[in-house]
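**Student:** Following this message is one structure expressed as structure tokens.
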Amino acid sequence: MSLDVSPALLEQAERGEVDEAAFVDCVRTSLPYAWEMISSLVAQLKVDGGPFADNQTPPPDEQARGQLLRALASDAIRGALQRHFGVRLAFQNCHRVAVFPQDASVDETLARFTSVRNQLLNQSPELRDC
């Protein structure tokens with residue numbers, strides 16, 4: 001299981017309505033490495049400005065790598081994080097996470113970051129098994 005879901009949150013889901021803030025808190029506590037990575041990138045974007053902020057340092061271990069994969073591969077988790085932080089998330093490989101403002105002025109930069117070309121250019125033998 002990728003998230004540590006409390007009985008109360010599971011009850012909400014069974015009833016049909018889920019409080020998104022409670023879901024986001026569940027993600028925060030279940031995936032602390034992914035949460036910290038995204039929060040620090042959001043803070044960096046706010047401080048430095050620019051079209052995006054990204055991470056290029058591989059996770060310290062497989063558990064951390066798994067958290068990033070779970071957070072960004074799930075449409076529900078990814079969408080909730082984007083709404084919570086007010087950014088768009090991009091994910092290029094097992095560690096290259098980027099945050100982009102929701103501002104349309106960075107659409108072209110986001111498109112380049114997520115392009116097939118940049119996906120290929122961002123490969124290396126060290127990341128083959130990530």
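By convention in this document, the chains of the structure tokens carry letters A, B, ... by their order, each chain's residues are numbered from 1, and ligands are numbered from 1 in the order they are shown.
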Please tabulate, as CSV, the residues of stretch 85-106 of chain A that come within 10 Å of stretch 16-38 of chain A, each with its closest pair of atoms and the distance in Å to one decimal, counting only C-alpha atoms and ordering rows by chain, then residue number upward.
**Tutor:**
residue,atom,partner,partner_atom,distance
A:Phe85,CA,A:Ile38,CA,8.7
A:Val87,CA,A:Ile38,CA,9.9
A:Leu89,CA,A:Ile38,CA,8.6
A:His95,CA,A:Met37,CA,9.6
A:Val97,CA,A:Ile38,CA,7.7
A:Ala98,CA,A:Ile38,CA,8.0
A:Val99,CA,A:Ile38,CA,7.5
**Student:** Could you jot down the atom CA of A:Asp107 to atom CA of A:Pro58 separation for me, Å, one decimal place?
**Tutor:**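 Answer for the atom CA of A:Asp107 to atom CA of A:Pro58 separation: 25.9 Å.
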**Student:** Write out as number ranges by chain each polymer residue whose atoms come within 12 Å of A:Gly49, counting only C-alpha atoms; drop sequence neighbours fewer than 4 positions from it.
**Tutor:** A: 41-45, 53, 99-101, 106
**Student:** So that I can check the secondary structure, give me every residue of chain A assigned strand (DSSP E) by backbone DSSP, as a ChimeraX atom specification.
**Tutor:** /A:53-54,87-91,97-101
